[in-house]
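Colleague: Contents of entry09.csv (CSV, C-alpha atoms and all ligand atoms) are given next:
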```
chain,number,residue,atom,x,y,z
A,1,MET,CA,17.9,20.6,-15.2
A,2,GLU,CA,15.8,17.5,-14.4
A,3,ASN,CA,13.2,16.1,-16.8
A,4,ILE,CA,10.6,14.6,-14.5
A,5,LEU,CA,8.4,11.8,-15.8
A,6,LEU,CA,5.4,10.4,-13.9
A,7,LEU,CA,5.0,6.8,-15.1
A,8,VAL,CA,1.6,5.2,-14.5
A,9,HIS,CA,-0.4,2.3,-15.8
A,10,THR,CA,-4.2,2.1,-16.1
A,11,GLU,CA,-6.4,-0.2,-14.1
A,12,ALA,CA,-8.7,-2.8,-15.8
A,13,ASP,CA,-11.5,-0.1,-16.2
A,14,GLY,CA,-9.0,2.3,-17.9
A,15,SER,CA,-8.8,4.6,-14.9
A,16,LEU,CA,-5.8,5.5,-12.6
A,17,ALA,CA,-5.7,4.0,-9.1
A,18,LYS,CA,-5.2,6.1,-6.0
A,19,SER,CA,-1.5,5.0,-5.8
A,20,ALA,CA,-1.0,6.6,-9.3
A,21,LEU,CA,-2.6,9.8,-8.0
A,22,GLU,CA,-0.3,9.8,-5.0
A,23,SER,CA,2.7,9.6,-7.3
A,24,LEU,CA,1.2,12.4,-9.4
A,25,GLN,CA,1.0,14.6,-6.4
A,26,THR,CA,4.7,13.8,-5.6
A,27,ALA,CA,5.8,14.5,-9.2
A,28,GLN,CA,3.9,17.8,-9.4
A,29,ALA,CA,5.2,19.0,-6.0
A,30,LEU,CA,8.8,18.2,-7.0
A,31,ALA,CA,8.5,19.9,-10.4
A,32,SER,CA,7.3,23.1,-8.7
A,33,THR,CA,10.3,23.1,-6.3
A,34,ILE,CA,13.3,22.3,-8.5
A,35,ASP,CA,14.7,23.6,-11.7
A,36,ALA,CA,12.7,21.3,-14.0
A,37,SER,CA,11.0,21.7,-17.4
A,38,GLY,CA,7.6,21.0,-15.7
A,39,PHE,CA,6.8,17.3,-15.8
A,40,SER,CA,5.5,14.8,-18.3
A,41,VAL,CA,3.1,12.0,-17.7
A,42,GLY,CA,3.6,8.5,-19.3
A,43,ILE,CA,0.6,6.2,-19.4
A,44,VAL,CA,0.6,2.5,-20.3
A,45,GLY,CA,-2.6,0.4,-20.7
A,46,GLU,CA,-5.1,-0.9,-23.1
A,47,LYS,CA,-6.4,2.6,-23.7
A,48,PHE,CA,-4.8,5.8,-22.3
A,49,GLN,CA,-7.2,8.5,-23.1
A,50,ALA,CA,-9.6,8.1,-20.1
A,51,ALA,CA,-6.7,8.0,-17.7
A,52,ALA,CA,-5.2,11.2,-19.2
A,53,ASP,CA,-8.5,13.0,-19.1
A,54,GLN,CA,-8.9,12.0,-15.4
A,55,ILE,CA,-5.8,14.0,-14.6
A,56,ALA,CA,-6.1,16.7,-17.3
A,57,GLY,CA,-6.0,19.5,-14.7
A,58,CYS,CA,-2.6,18.4,-13.2
A,59,GLY,CA,-0.6,20.9,-15.2
A,60,ALA,CA,1.7,18.3,-16.9
A,61,ALA,CA,3.7,19.7,-19.8
A,62,LYS,CA,3.2,16.6,-21.9
A,63,TYR,CA,1.3,13.4,-22.0
A,64,LEU,CA,2.8,10.3,-23.6
A,65,GLY,CA,1.0,7.0,-24.0
A,66,VAL,CA,1.5,3.4,-25.0
A,67,GLU,CA,-1.8,1.6,-25.7
A,68,GLY,CA,-3.1,-1.6,-27.3
A,69,ALA,CA,-4.6,-4.9,-26.3
A,70,GLU,CA,-1.1,-6.4,-25.5
A,71,PHE,CA,-0.6,-3.6,-22.8
A,72,ALA,CA,-3.9,-4.5,-21.0
A,73,GLN,CA,-2.3,-7.3,-19.1
A,74,PRO,CA,0.7,-7.0,-16.7
A,75,ARG,CA,3.5,-8.8,-18.4
A,76,TYR,CA,7.2,-8.2,-18.0
A,77,ALA,CA,8.2,-8.1,-21.7
A,78,SER,CA,5.5,-5.7,-22.9
A,79,ASP,CA,5.5,-3.5,-19.8
A,80,ALA,CA,9.3,-3.1,-19.9
A,81,ALA,CA,9.2,-2.3,-23.6
A,82,ALA,CA,6.5,0.3,-23.0
A,83,ALA,CA,8.2,1.9,-20.0
A,84,GLU,CA,11.5,2.0,-21.9
A,85,ALA,CA,10.0,3.7,-24.9
A,86,ILE,CA,8.2,6.4,-22.9
A,87,CYS,CA,11.3,7.1,-20.8
A,88,LYS,CA,13.4,7.5,-24.0
A,89,THR,CA,10.8,9.8,-25.7
A,90,ALA,CA,10.5,11.9,-22.6
A,91,GLN,CA,14.3,12.0,-22.1
A,92,ALA,CA,13.5,11.5,-18.5
A,93,THR,CA,16.1,12.0,-15.8
A,94,LEU,CA,13.8,11.4,-12.8
A,95,VAL,CA,11.1,8.7,-13.2
A,96,ILE,CA,8.4,8.7,-10.5
A,97,ALA,CA,6.1,5.7,-10.4
A,98,PRO,CA,3.7,4.1,-7.9
A,99,ALA,CA,5.1,0.9,-6.3
A,100,THR,CA,2.3,-1.3,-7.6
A,101,SER,CA,3.1,-5.0,-8.1
A,102,ARG,CA,3.0,-4.3,-11.9
A,103,TRP,CA,5.7,-1.6,-11.8
A,104,ASN,CA,7.7,-3.2,-9.0
A,105,ARG,CA,8.3,-6.2,-11.2
A,106,VAL,CA,9.4,-4.2,-14.2
A,107,LEU,CA,11.1,-0.9,-13.4
A,108,ALA,CA,14.4,-2.3,-12.0
A,109,GLY,CA,14.9,-4.0,-15.4
A,110,VAL,CA,14.1,-0.8,-17.3
A,111,ALA,CA,16.5,1.1,-15.2
A,112,GLN,CA,19.2,-1.4,-16.1
A,113,ARG,CA,18.4,-1.1,-19.8
A,114,LEU,CA,18.8,2.6,-19.6
A,115,ASN,CA,21.9,2.5,-17.5
A,116,GLY,CA,20.0,4.2,-14.7
A,117,ARG,CA,19.4,3.4,-11.1
A,118,VAL,CA,16.3,2.5,-9.2
A,119,ASP,CA,15.2,3.0,-5.6
A,120,THR,CA,12.1,1.3,-4.1
A,121,HIS,CA,9.9,1.9,-1.0
A,122,ILE,CA,10.3,5.7,-1.3
A,123,THR,CA,8.3,7.5,1.3
A,124,GLY,CA,9.3,11.1,0.7
A,125,LEU,CA,10.9,13.4,-1.8
A,126,THR,CA,12.5,16.7,-1.0
A,127,ALA,CA,14.7,19.1,-3.0
A,128,GLU,CA,17.1,21.8,-1.9
A,129,ASN,CA,18.9,23.9,-4.5
A,130,SER,CA,17.6,21.5,-7.1
A,131,ALA,CA,19.4,18.5,-5.4
A,132,VAL,CA,16.7,15.9,-5.0
A,133,SER,CA,16.7,13.7,-1.9
A,134,VAL,CA,14.5,10.7,-1.3
A,135,SER,CA,13.7,9.0,2.0
A,136,ARG,CA,13.0,5.3,2.7
A,137,TRP,CA,13.0,3.0,5.8
A,138,TYR,CA,15.4,0.2,6.5
A,139,TYR,CA,15.6,-2.6,9.0
A,140,ARG,CA,11.8,-3.2,9.2
A,141,GLN,CA,11.0,0.5,9.5
A,142,ARG,CA,13.4,1.2,12.3
A,143,MET,CA,15.8,3.6,10.5
A,144,GLU,CA,14.9,6.2,8.0
A,145,ALA,CA,17.6,7.1,5.5
A,146,VAL,CA,17.8,10.1,3.1
A,147,LEU,CA,19.5,9.3,-0.2
A,148,GLN,CA,20.8,11.3,-3.2
A,149,ARG,CA,22.2,9.9,-6.5
A,150,THR,CA,24.0,11.5,-9.4
A,151,GLN,CA,23.2,8.7,-11.9
A,152,ARG,CA,20.3,9.4,-14.3
A,153,PRO,CA,17.7,8.2,-15.2
A,154,TRP,CA,16.8,7.7,-11.6
A,155,PHE,CA,13.6,5.6,-11.0
A,156,LEU,CA,11.7,6.2,-7.8
A,157,LEU,CA,9.0,3.8,-6.8
A,158,ILE,CA,6.7,5.5,-4.3
A,159,ASP,CA,5.2,3.4,-1.5
A,160,PRO,CA,1.4,3.5,-1.8
A,161,GLY,CA,-0.3,5.3,1.1
A,162,SER,CA,2.8,7.4,2.0
A,163,GLN,CA,1.8,10.5,0.0
A,164,PRO,CA,-1.5,12.5,-0.3
A,165,ALA,CA,-3.4,11.7,-3.5
A,166,TRP,CA,-3.7,14.4,-6.2
A,167,GLU,CA,-7.1,15.9,-6.3
A,168,GLY,CA,-7.9,18.0,-9.3
A,169,ALA,CA,-10.2,18.6,-12.2
A,170,ALA,CA,-10.7,16.1,-15.0
A,171,GLY,CA,-10.8,17.5,-18.5
A,172,SER,CA,-9.5,16.7,-21.9
A,173,ALA,CA,-5.8,15.9,-22.4
A,174,SER,CA,-3.9,15.6,-25.7
A,175,VAL,CA,-1.8,12.5,-25.6
A,176,GLU,CA,1.2,11.8,-27.9
A,177,LYS,CA,1.1,8.1,-28.8
A,178,VAL,CA,4.5,6.3,-28.4
A,179,GLU,CA,4.8,3.4,-30.8
A,180,VAL,CA,6.3,0.1,-29.4
A,181,SER,CA,6.7,-2.8,-31.6
A,182,LEU,CA,6.9,-6.0,-29.6
A,183,ALA,CA,8.9,-9.0,-30.7
A,184,ASP,CA,6.8,-12.2,-30.9
A,185,THR,CA,8.6,-13.5,-27.8
A,186,SER,CA,7.3,-10.5,-25.9
A,187,LYS,CA,3.8,-11.8,-26.2
A,188,ARG,CA,4.4,-15.4,-25.2
A,189,THR,CA,3.1,-14.9,-21.6
A,190,THR,CA,-0.7,-14.7,-21.6
A,191,VAL,CA,-2.8,-14.1,-18.5
A,192,THR,CA,-5.6,-16.6,-18.9
A,193,GLY,CA,-7.4,-15.6,-15.7
A,194,ILE,CA,-7.0,-14.4,-12.2
A,195,ARG,CA,-7.7,-16.6,-9.2
A,196,GLN,CA,-8.4,-14.6,-6.1
A,197,LEU,CA,-10.5,-14.7,-3.0
A,198,SER,CA,-14.0,-13.4,-3.1
A,199,ALA,CA,-14.4,-9.8,-2.0
A,200,ASP,CA,-15.6,-10.7,1.5
A,201,ALA,CA,-12.8,-13.3,2.0
A,202,GLN,CA,-10.1,-10.8,1.0
A,203,THR,CA,-9.5,-9.1,4.3
A,204,ILE,CA,-6.3,-7.2,3.5
A,205,ARG,CA,-7.3,-3.9,2.1
A,206,PRO,CA,-4.4,-1.4,1.9
A,207,ASP,CA,-6.6,1.5,0.8
A,208,ALA,CA,-9.0,1.1,3.7
A,209,ASP,CA,-9.3,4.1,6.1
A,210,LEU,CA,-9.3,1.8,9.1
A,211,LEU,CA,-7.0,-1.1,10.2
A,212,PHE,CA,-8.9,-3.4,12.5
A,213,VAL,CA,-6.5,-5.6,14.5
A,214,THR,CA,-7.5,-8.8,16.3
A,215,GLY,CA,-5.4,-10.3,19.2
A,216,ALA,CA,-5.2,-13.6,20.9
A,217,GLY,CA,-7.7,-12.4,23.5
A,218,TRP,CA,-10.5,-13.2,21.1
A,219,THR,CA,-9.8,-16.9,21.7
A,220,LYS,CA,-9.1,-16.8,25.4
A,221,LYS,CA,-11.4,-18.0,28.2
A,222,GLN,CA,-13.7,-15.1,29.0
A,223,ALA,CA,-15.4,-14.1,32.3
A,224,ASP,CA,-17.7,-17.2,32.2
A,225,GLY,CA,-14.7,-19.5,32.0
A,226,GLN,CA,-15.5,-20.5,28.4
A,227,THR,CA,-14.0,-19.6,25.1
A,228,HIS,CA,-16.3,-17.9,22.5
A,229,VAL,CA,-14.4,-18.3,19.2
A,230,PRO,CA,-17.5,-18.7,16.9
A,231,GLU,CA,-19.0,-15.5,18.4
A,232,ALA,CA,-15.7,-13.7,18.0
A,233,GLU,CA,-15.5,-14.7,14.4
A,234,LYS,CA,-19.0,-13.4,13.7
A,235,LEU,CA,-18.4,-10.1,15.5
A,236,ILE,CA,-15.2,-9.5,13.5
A,237,PHE,CA,-16.7,-10.6,10.2
A,238,ASP,CA,-19.8,-8.4,10.6
A,239,PHE,CA,-17.6,-5.4,11.5
A,240,LEU,CA,-15.4,-5.9,8.4
A,241,LYS,CA,-18.3,-6.5,6.2
A,242,THR,CA,-20.0,-3.2,7.0
A,243,THR,CA,-16.9,-1.0,7.4
A,244,ARG,CA,-14.6,-2.6,4.7
A,245,ALA,CA,-11.8,-2.1,7.2
A,246,SER,CA,-8.5,-4.0,6.6
A,247,LEU,CA,-7.9,-6.9,9.0
A,248,GLY,CA,-4.6,-7.1,10.9
A,249,SER,CA,-3.7,-9.5,13.7
A,250,SER,CA,-1.2,-10.1,16.4
A,251,LYS,CA,1.4,-12.9,15.9
A,252,SER,CA,0.0,-14.9,18.8
A,253,LEU,CA,-3.4,-15.2,17.2
A,254,VAL,CA,-2.2,-16.2,13.7
A,255,ASP,CA,0.2,-18.7,15.3
A,256,LEU,CA,-2.6,-20.5,17.1
A,257,GLY,CA,-3.7,-22.2,13.9
A,258,GLY,CA,-0.4,-24.1,13.8
A,259,GLU,CA,-1.0,-25.4,17.3
A,260,GLY,CA,-4.4,-26.9,16.4
A,261,GLN,CA,-6.4,-24.5,18.5
A,262,ALA,CA,-9.7,-23.0,17.6
A,263,VAL,CA,-9.0,-19.9,15.5
A,264,ILE,CA,-10.6,-17.1,13.5
A,265,SER,CA,-10.9,-19.0,10.2
A,266,PHE,CA,-10.3,-16.1,7.8
A,267,LEU,CA,-6.9,-15.0,9.4
A,268,THR,CA,-3.6,-16.1,8.0
A,269,HIS,CA,0.0,-15.0,8.6
A,270,LEU,CA,-0.4,-12.4,5.9
A,271,ASN,CA,-2.6,-10.5,8.3
A,272,GLN,CA,0.2,-10.3,10.9
A,273,ILE,CA,1.2,-6.8,11.9
A,274,GLY,CA,4.5,-6.1,13.6
A,275,GLN,CA,8.2,-6.7,13.7
A,276,THR,CA,8.0,-10.0,11.8
A,277,GLY,CA,4.8,-9.0,10.0
A,278,SER,CA,3.7,-6.0,8.0
A,279,THR,CA,3.8,-2.2,8.7
A,280,PRO,CA,0.7,-0.9,6.9
A,281,ARG,CA,-0.4,2.7,6.3
A,282,HIS,CA,-3.9,3.5,7.3
A,283,PRO,CA,-5.2,6.8,8.7
A,284,LYS,CA,-6.7,5.0,11.7
A,285,GLY,CA,-6.2,1.8,13.6
A,286,LEU,CA,-8.4,-0.1,16.2
A,287,SER,CA,-6.8,-2.9,18.2
A,288,THR,CA,-9.0,-5.4,20.0
A,289,CYS,CA,-8.1,-8.2,22.5
A,290,CYS,CA,-4.4,-7.5,21.8
A,291,HIS,CA,-1.8,-6.7,24.5
A,292,GLY,CA,0.1,-4.1,22.4
A,293,GLU,CA,3.6,-5.5,23.0
A,294,GLU,CA,6.5,-3.7,21.3
A,295,PRO,CA,7.1,-6.4,18.6
A,296,HIS,CA,3.5,-5.9,17.6
A,297,ALA,CA,3.1,-2.2,18.1
A,298,VAL,CA,6.2,-1.4,16.0
A,299,GLY,CA,4.1,-2.4,13.0
A,300,TRP,CA,1.7,0.5,13.8
A,301,ARG,CA,4.5,3.1,13.1
A,302,PHE,CA,2.6,4.6,10.2
A,303,ILE,CA,-0.9,4.4,11.6
A,304,LYS,CA,-1.9,8.0,12.3
A,305,GLU,CA,-4.6,7.6,15.0
A,306,ARG,CA,-4.4,4.5,17.2
A,307,ARG,CA,-7.1,3.2,19.5
A,308,ALA,CA,-7.2,-0.1,21.4
A,309,ILE,CA,-9.8,-2.1,23.4
A,310,SER,CA,-8.3,-4.3,26.1
A,311,LEU,CA,-9.4,-5.7,29.4
A,312,ASP,CA,-5.9,-4.9,30.8
A,313,ALA,CA,-5.5,-1.4,32.0
A,314,ASN,CA,-1.7,-2.0,32.1
A,315,CYS,CA,-1.3,-3.4,28.6
A,316,GLY,CA,1.3,-2.0,26.2
A,317,TRP,CA,-1.3,0.3,24.6
A,318,ALA,CA,-1.7,2.1,27.9
A,319,ARG,CA,2.0,2.9,27.9
A,320,GLY,CA,2.1,5.5,25.2
A,321,LYS,CA,1.4,3.2,22.3
A,322,ALA,CA,-2.2,4.2,21.7
A,323,ASP,CA,-3.9,7.6,21.5
A,324,VAL,CA,-7.0,6.2,23.2
A,325,LEU,CA,-7.3,3.0,25.2
A,326,TYR,CA,-10.8,1.7,26.1
A,327,VAL,CA,-10.4,-0.6,29.1
A,328,ALA,CA,-13.4,-2.8,28.2
A,329,ASP,CA,-14.6,-6.2,27.0
A,330,ALA,CA,-14.2,-6.2,23.3
A,331,PHE,CA,-17.0,-8.7,22.8
A,332,ALA,CA,-19.4,-6.2,24.4
A,333,VAL,CA,-18.0,-3.1,22.6
A,334,MET,CA,-17.9,-4.7,19.2
A,335,GLU,CA,-21.5,-6.1,19.6
A,336,LYS,CA,-22.7,-2.5,20.3
A,337,VAL,CA,-20.6,-1.0,17.5
A,338,ASN,CA,-22.0,-3.5,15.0
A,339,ALA,CA,-25.6,-2.8,16.2
A,340,LEU,CA,-25.0,1.0,15.7
A,341,LEU,CA,-23.4,0.4,12.3
A,342,ALA,CA,-26.4,-1.9,11.2
A,343,ALA,CA,-28.8,0.8,12.4
A,344,LYS,CA,-27.0,3.3,10.2
B,1,LIG,C1,11.4,-11.8,17.8
B,1,LIG,C2,9.9,-11.6,18.0
B,1,LIG,C3,9.2,-11.1,17.0
B,1,LIG,C4,7.8,-10.9,17.1
B,1,LIG,N1,7.1,-10.4,16.1
B,1,LIG,C5,5.8,-10.1,16.3
B,1,LIG,C6,5.0,-9.5,15.3
B,1,LIG,O1,5.5,-9.2,14.1
B,1,LIG,N2,3.7,-9.2,15.5
B,1,LIG,C7,3.1,-9.5,16.7
B,1,LIG,O2,1.9,-9.3,16.9
B,1,LIG,N3,3.8,-10.1,17.7
B,1,LIG,C8,5.1,-10.4,17.5
B,1,LIG,N4,5.8,-11.0,18.5
B,1,LIG,C9,5.1,-11.5,19.7
B,1,LIG,C10,4.7,-10.4,20.7
B,1,LIG,O3,5.8,-10.1,21.5
B,1,LIG,C11,3.5,-10.8,21.5
B,1,LIG,O4,3.7,-12.0,22.1
B,1,LIG,C12,2.2,-10.9,20.7
B,1,LIG,O5,2.0,-9.7,20.0
B,1,LIG,C13,1.0,-11.0,21.7
B,1,LIG,O6,-0.2,-11.2,21.0
B,1,LIG,P1,-1.6,-10.7,21.7
B,1,LIG,O7,-1.4,-9.4,22.3
B,1,LIG,O8,-2.6,-10.9,20.7
B,1,LIG,O9,-1.8,-11.8,22.8
B,1,LIG,P2,-1.7,-11.8,24.4
B,1,LIG,O10,-0.4,-11.3,24.9
B,1,LIG,O11,-2.2,-13.1,24.9
B,1,LIG,O12,-2.8,-10.7,24.8
B,1,LIG,C14,-4.2,-10.9,24.7
B,1,LIG,C15,-4.8,-9.6,25.2
B,1,LIG,O13,-6.2,-9.8,25.1
B,1,LIG,C16,-6.8,-9.2,26.2
B,1,LIG,N5,-8.2,-9.7,26.3
B,1,LIG,C17,-8.7,-10.9,26.5
B,1,LIG,N6,-10.0,-11.0,26.4
B,1,LIG,C18,-10.4,-9.7,26.1
B,1,LIG,C19,-11.7,-9.2,26.0
B,1,LIG,N7,-12.8,-9.9,26.1
B,1,LIG,N8,-11.8,-7.8,25.7
B,1,LIG,C20,-10.6,-7.1,25.5
B,1,LIG,N9,-9.4,-7.6,25.7
B,1,LIG,C21,-9.3,-8.9,26.0
B,1,LIG,C22,-6.0,-9.5,27.4
B,1,LIG,O14,-6.2,-8.7,28.5
B,1,LIG,C23,-4.6,-9.4,26.8
B,1,LIG,O15,-4.1,-8.1,26.9
B,1,LIG,C24,7.2,-11.2,18.4
B,1,LIG,C25,8.0,-11.7,19.4
B,1,LIG,C26,9.3,-11.9,19.2
B,1,LIG,C27,10.1,-12.4,20.4
```
Re-express the file's structure as structure tokens.

Modeller:
Amino acid sequence: MENILLLVHTEADGSLAKSALESLQTAQALASTIDASGFSVGIVGEKFQAAADQIAGCGAAKYLGVEGAEFAQPRYASDAAAAEAICKTAQATLVIAPATSRWNRVLAGVAQRLNGRVDTHITGLTAENSAVSVSRWYYRQRMEAVLQRTQRPWFLLIDPGSQPAWEGAAGSASVEKVEVSLADTSKRTTVTGIRQLSADAQTIRPDADLLFVTGAGWTKKQADGQTHVPEAEKLIFDFLKTTRASLGSSKSLVDLGGEGQAVISFLTHLNQIGQTGSTPRHPKGLSTCCHGEEPHAVGWRFIKERRAISLDANCGWARGKADVLYVADAFAVMEKVNALLAAK
């Protein structure tokens, strides 16, 4: 019989992020389909009570928590010690955790300490006759494999965005505190601050409902024989500002910077979608001024509803890559869309 443990950490405000709720949904669904003693929840953070209360209606058999000022900051030594202590207390055989940067850094090491195994980028869990199988993609999302392991504990890092998030009632949960005594060396890394882009300059938003993709067409000569890069930049920026969509790009557009051409200033290679870029997960995607060639469109594999605006009626999107193709001038369309959004 499996002992399932959901392992989560709190956010800065003490709450649980969407990725944690997605892993909760996964753990709960698994516990109801296999021979398991329900499931436990382990929480690490400065304070665990608010997080436990947030998911009090999830039906967990037990809540375990590690809290304290030294667990507020992500730090390998303290996070690994906390996760190890919770896994031991829960006697976990299956540990389900969201693949956040904090857990990605730590849980392989914890699996090693407990003589377990870890698998990352999990996008699905199924069970048949209590045999648990997990799925993940290989070779830049070209092949999906289904894996089973006999070694326990088995740590499973669930890719954010791949599962529905748990939705249930908050309440009041009783949490058993797990004590962790940290050696002095465990505290020698101190986070003194975080340097990050301002909210408007941060254009990659994995939790956004919409992926907005820009292609090289935004920088090409238009019907009047001129380029209109500053206008393009403003249209894109205004759209992102009102919708909080995540910004993706074709390779051609992000590569232009290296060639010294006029480019959209807030785009970097990190925005690139495709075979040599990223494969994000958003419910919807809108491509603009992009041709939709296979090396780009392969990065749209997990986008559920795809639309594109291109002047070219024969572009890649028209050949089965998009659900809807608007054969239109993206400058005109986005100007109208922005005006409608502003009016709203
Ligand atoms: C090994 C390899 C790996 C690659 N990996 C990637 C990858 O990861 N990601 C990626 O994106 N590409 C990748 N590529 C490149 C890819 O094949 C394409 O070259 C690239 O995606 C083209 O970018 P684009 O569609 O923006 O530009 P273009 O092909 O130049 O298309 C621009 C489009 O904009 C349209 N347009 C122009 N003006 C307007 C307007 N006013 N309104 C509407 N539409 C307009 C044009 O009609 C045209 O269709 C890779 C290629 C190779 C060989």

Colleague: Using all atoms listed in the file, which of the listed residues (A:Lys284, A:Thr243, A:His291, A:Leu235) sits closest to Ala216 (chain A)?

Modeller: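 So, comparing all the options, the nearest one is A:His291.
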
Colleague: Which residues are near Thr89 (chain A)? Cut-off 10 Å, all atoms listed in the file, ignore same chain within fewer than 3 positions. Put them as a PyMOL selection string.

Modeller: chain A and resi 42+64+84-86+92+178

Colleague: Would you output that residue set with C-alpha atoms, as a PDB file, in the coordinates of the input?

Modeller:
```pdb
ATOM      1  CA  GLY A  42       3.600   8.500 -19.300  1.00  0.00           C
ATOM      2  CA  LEU A  64       2.800  10.300 -23.600  1.00  0.00           C
ATOM      3  CA  GLU A  84      11.500   2.000 -21.900  1.00  0.00           C
ATOM      4  CA  ALA A  85      10.000   3.700 -24.900  1.00  0.00           C
ATOM      5  CA  ILE A  86       8.200   6.400 -22.900  1.00  0.00           C
ATOM      6  CA  ALA A  92      13.500  11.500 -18.500  1.00  0.00           C
ATOM      7  CA  VAL A 178       4.500   6.300 -28.400  1.00  0.00           C
TER       8      VAL A 178
END
```

Colleague: Determine the nearest neighbour of ligand LIG 1 (chain B) from the options A:Gln261, A:Asn271, A:Thr33, A:Thr100, counting all atoms listed in the file.

Modeller: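 Of the candidates, the smallest distance to ligand LIG 1 (chain B) is held by A:Asn271.
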
Colleague: Which residues are near region 6-13 of chain A? Cut-off 10 Å, only C-alpha atoms, ignore same chain within fewer than 3 positions. Put them as a PyMOL selection string.

Modeller: chain A and resi 16-17+19-21+23-28+39-52+60+63-67+71-74+79+83+86-87+92+94-100+102-103+107+155-157

Colleague: Ligand LIG 1 (chain B): which residues are within 7 Å, counting all atoms listed in the file? Reply as a PyMOL selection string.

Modeller: chain A and resi 214-218+220+222+249-253+272-277+288-296+309-312+315+328-331

Colleague: Would you compute the distance between CA of Val146 (chain A) and CA of Arg301 (chain A)? Give it in Å to one decimal.

Modeller: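 Interatomic distance here is 18.1 Å.
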
Colleague: Calculated over only C-alpha atoms, which of the candidates A:Trp166, A:Asp35, A:Ser133, A:Ala81 has the smallest distance to Val110 (chain A)?

Modeller: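 Of A:Trp166, A:Asp35, A:Ser133, A:Ala81, the one nearest Val110 (chain A) is A:Ala81, counting only C-alpha atoms.
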
Colleague: Residues near Thr93 (chain A), anyone? I mean within 6 Å using all atoms listed in the file, not counting same-chain ones fewer than 6 positions away, as a list of chain:residue names.

Modeller: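 Here the answer would be A:Glu2, A:Asn3, A:Arg152, A:Pro153.
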
Colleague: Mind checking which residues fall within 9 Å of Lys18 (chain A), counting only C-alpha atoms, ignoring those fewer than 4 positions away in the same chain, and posting them as a ChimeraX atom specification?

Modeller: /A:22-23,160-161,165-166,207

Colleague: Rounded to one decimal place, report the CA of Ala61 (chain A)-CA of Gly38 (chain A) distance in Å.

Modeller: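 Separation between CA of Ala61 (chain A) and CA of Gly38 (chain A): 5.8 Å.
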
Colleague: Do you know which residues are at most 9 Å from Ala232 (chain A) counting all atoms listed in the file, after dropping those on the same chain fewer than 4 positions away, and could you put them as JSON, numbers by chain?

Modeller: {"A": [218, 219, 228, 236, 237, 264, 331]}

Colleague: Report, in Å to a single decimal, how far apart CA of Arg205 (chain A) and CA of Leu5 (chain A) are.

Modeller: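 Distance between the two atoms: 28.5 Å.
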
Colleague: Taking all atoms listed in the file into account, which of A:Leu125, A:Ala131, A:Ala36, A:Leu247 comes nearest Ala145 (chain A)?

Modeller: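 Ranked by minimum distance to Ala145 (chain A), first place goes to A:Leu125.
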
Colleague: Taking (17.2, 8.3, -0.8) in the file's coordinates as the center, which residues reach within 9 Å of it, counting all atoms listed in the file, put as a PDB file with C-alpha atoms, in the coordinates of the input?

Modeller:
```pdb
ATOM      1  CA  ASP A 119      15.200   3.000  -5.600  1.00  0.00           C
ATOM      2  CA  ILE A 122      10.300   5.700  -1.300  1.00  0.00           C
ATOM      3  CA  GLY A 124       9.300  11.100   0.700  1.00  0.00           C
ATOM      4  CA  LEU A 125      10.900  13.400  -1.800  1.00  0.00           C
ATOM      5  CA  VAL A 132      16.700  15.900  -5.000  1.00  0.00           C
ATOM      6  CA  SER A 133      16.700  13.700  -1.900  1.00  0.00           C
ATOM      7  CA  VAL A 134      14.500  10.700  -1.300  1.00  0.00           C
ATOM      8  CA  SER A 135      13.700   9.000   2.000  1.00  0.00           C
ATOM      9  CA  ARG A 136      13.000   5.300   2.700  1.00  0.00           C
ATOM     10  CA  ALA A 145      17.600   7.100   5.500  1.00  0.00           C
ATOM     11  CA  VAL A 146      17.800  10.100   3.100  1.00  0.00           C
ATOM     12  CA  LEU A 147      19.500   9.300  -0.200  1.00  0.00           C
ATOM     13  CA  GLN A 148      20.800  11.300  -3.200  1.00  0.00           C
ATOM     14  CA  ARG A 149      22.200   9.900  -6.500  1.00  0.00           C
TER      15      ARG A 149
END
```

Colleague: So which one's closest to Ser162 (chain A), A:Ile303, A:Ala332, A:Ala339, A:Ala245? Using only C-alpha atoms, please.

Modeller: A:Ile303

Colleague: Return the single residue from A:Trp137, A:Ala127, A:Arg105, A:Ser172 that is closest to Ile55 (chain A), with distances computed using all atoms listed in the file.

Modeller: A:Ser172
